[in-house]
Amino acid sequence: MARTASPPTHARRRRASSLRAALTLALVAVAGCGGPPEDATDARAAVDTLLAACAEGRPTVVLESLTEPARNAFARGRTTGEGCNDALGLGLPPAAPEEAAKPFEEARVAELEESGGIARATLEAGARRSEVEVERVGSRWLVNNPAVPTD
């Protein structure tokens, strides 16, 4: 005699639903532990993009990389290089307009620590150092403040 499948009972449906809920919770817990590992990489990439835009004299890209307070600092400069110097707090000596972006060609992120959507990046340009805050705004990382010189 062939056996026919019986319709799912309430207990079987509840067990399957509980299993799906447990799996979902486990995935959420794993994904939420310490935030996505790429956050520090993404924050560093945002600062690297900003430094490259400063070196290339691309003010539109610079402005897209900054929050409002940092944009205000950038706007004080007469050239892209001077604005970057102000926004990034490197305290570079005044230079001729054609030379103002040059220090950013070798500028780099020396250190970066990220936690909870905020990162602190230490920048180096020659012998000059500064610290900038990088903030996750929506899906993007932006330099958040006029930086503070550390040297």
# chains A, B, ... in the order shown; residues from 1 in each chain; ligands from 1
$ residues_around --residues "Ala95 in chain A" --least-positions-apart "5" --cutoff "9 Å" --atoms "only C-alpha atoms" --output "number ranges by chain"
A: 81-82, 100-101
$ residues_around --residues "Leu123 in chain A" --least-positions-apart "4" --cutoff "9 Å" --atoms "only C-alpha atoms" --output "MDAnalysis selection string"
chainID A and resid 88 90 107:112 128:132
$ closest_residue --among "A:Ala87, A:Ala45, A:Ala40, A:Ala53" --to "Ala70 in chain A" --atoms "only C-alpha atoms"
A:Ala87
$ closest_residue --among "A:Asp39, A:Thr79, A:Cys84, A:Leu51" --to "Ala96 in chain A" --atoms "only C-alpha atoms"
A:Thr79
$ atom_distance --atom1 "CA of Glu135 in chain A" --atom2 "CA of Asp42 in chain A"
10.7 Å
$ select_by_dssp --residues "range 45-131 of chain A" --states "strand (DSSP E or B)" --output "list in words"
Leu66, Arg108, Val109, Ala110, Glu111, Leu112, Glu113, Glu114, Ser115, Ile118, Ala119, Arg120, Ala121, Thr122, Leu123, Glu124, Ala125, Arg128, Arg129, Ser130 and Glu131 of chain A
$ select_by_dssp --residues "range 86-139 of chain A" --states "helix (DSSP H, G or I)" --output "JSON, numbers by chain"
{"A": [86, 87, 88, 97, 98, 99, 102, 103, 104, 105]}
$ closest_residue --among "A:Glu38, A:Arg78, A:Pro103, A:Leu92" --to "Ala52 in chain A" --atoms "only C-alpha atoms"
A:Pro103
$ closest_residue --among "A:Ala127, A:Gly117, A:Gly77, A:Gly57" --to "Ser139 in chain A" --atoms "only C-alpha atoms"
A:Gly117
$ closest_residue --among "A:Gly126, A:Arg120, A:Asn85, A:Cys54" --to "Ala73 in chain A" --atoms "only C-alpha atoms"
A:Asn85
$ atom_distance --atom1 "CA of Phe104 in chain A" --atom2 "CA of Glu56 in chain A"
8.5 Å
$ atom_distance --atom1 "CA of Glu105 in chain A" --atom2 "CA of Gly138 in chain A"
28.8 Å
$ residues_around --residues "Leu66 in chain A" --least-positions-apart "6" --cutoff "7 Å" --atoms "only C-alpha atoms" --output "mmCIF file with N, CA and C atoms, in the first residue's frame"
data_model
loop_
_atom_site.group_PDB
_atom_site.id
_atom_site.type_symbol
_atom_site.label_atom_id
_atom_site.label_comp_id
_atom_site.auth_asym_id
_atom_site.auth_seq_id
_atom_site.Cartn_x
_atom_site.Cartn_y
_atom_site.Cartn_z
ATOM 1 N N LEU A 142 33.425 60.416 4.592
ATOM 2 C CA LEU A 142 33.796 61.799 4.302
ATOM 3 C C LEU A 142 34.699 62.332 5.399
ATOM 4 N N VAL A 143 35.677 63.172 5.013
ATOM 5 C CA VAL A 143 36.487 63.862 6.018
ATOM 6 C C VAL A 143 35.568 64.864 6.682
ATOM 7 N N ASN A 144 35.526 64.792 8.006
ATOM 8 C CA ASN A 144 34.476 65.460 8.761
ATOM 9 C C ASN A 144 34.882 66.783 9.390
#
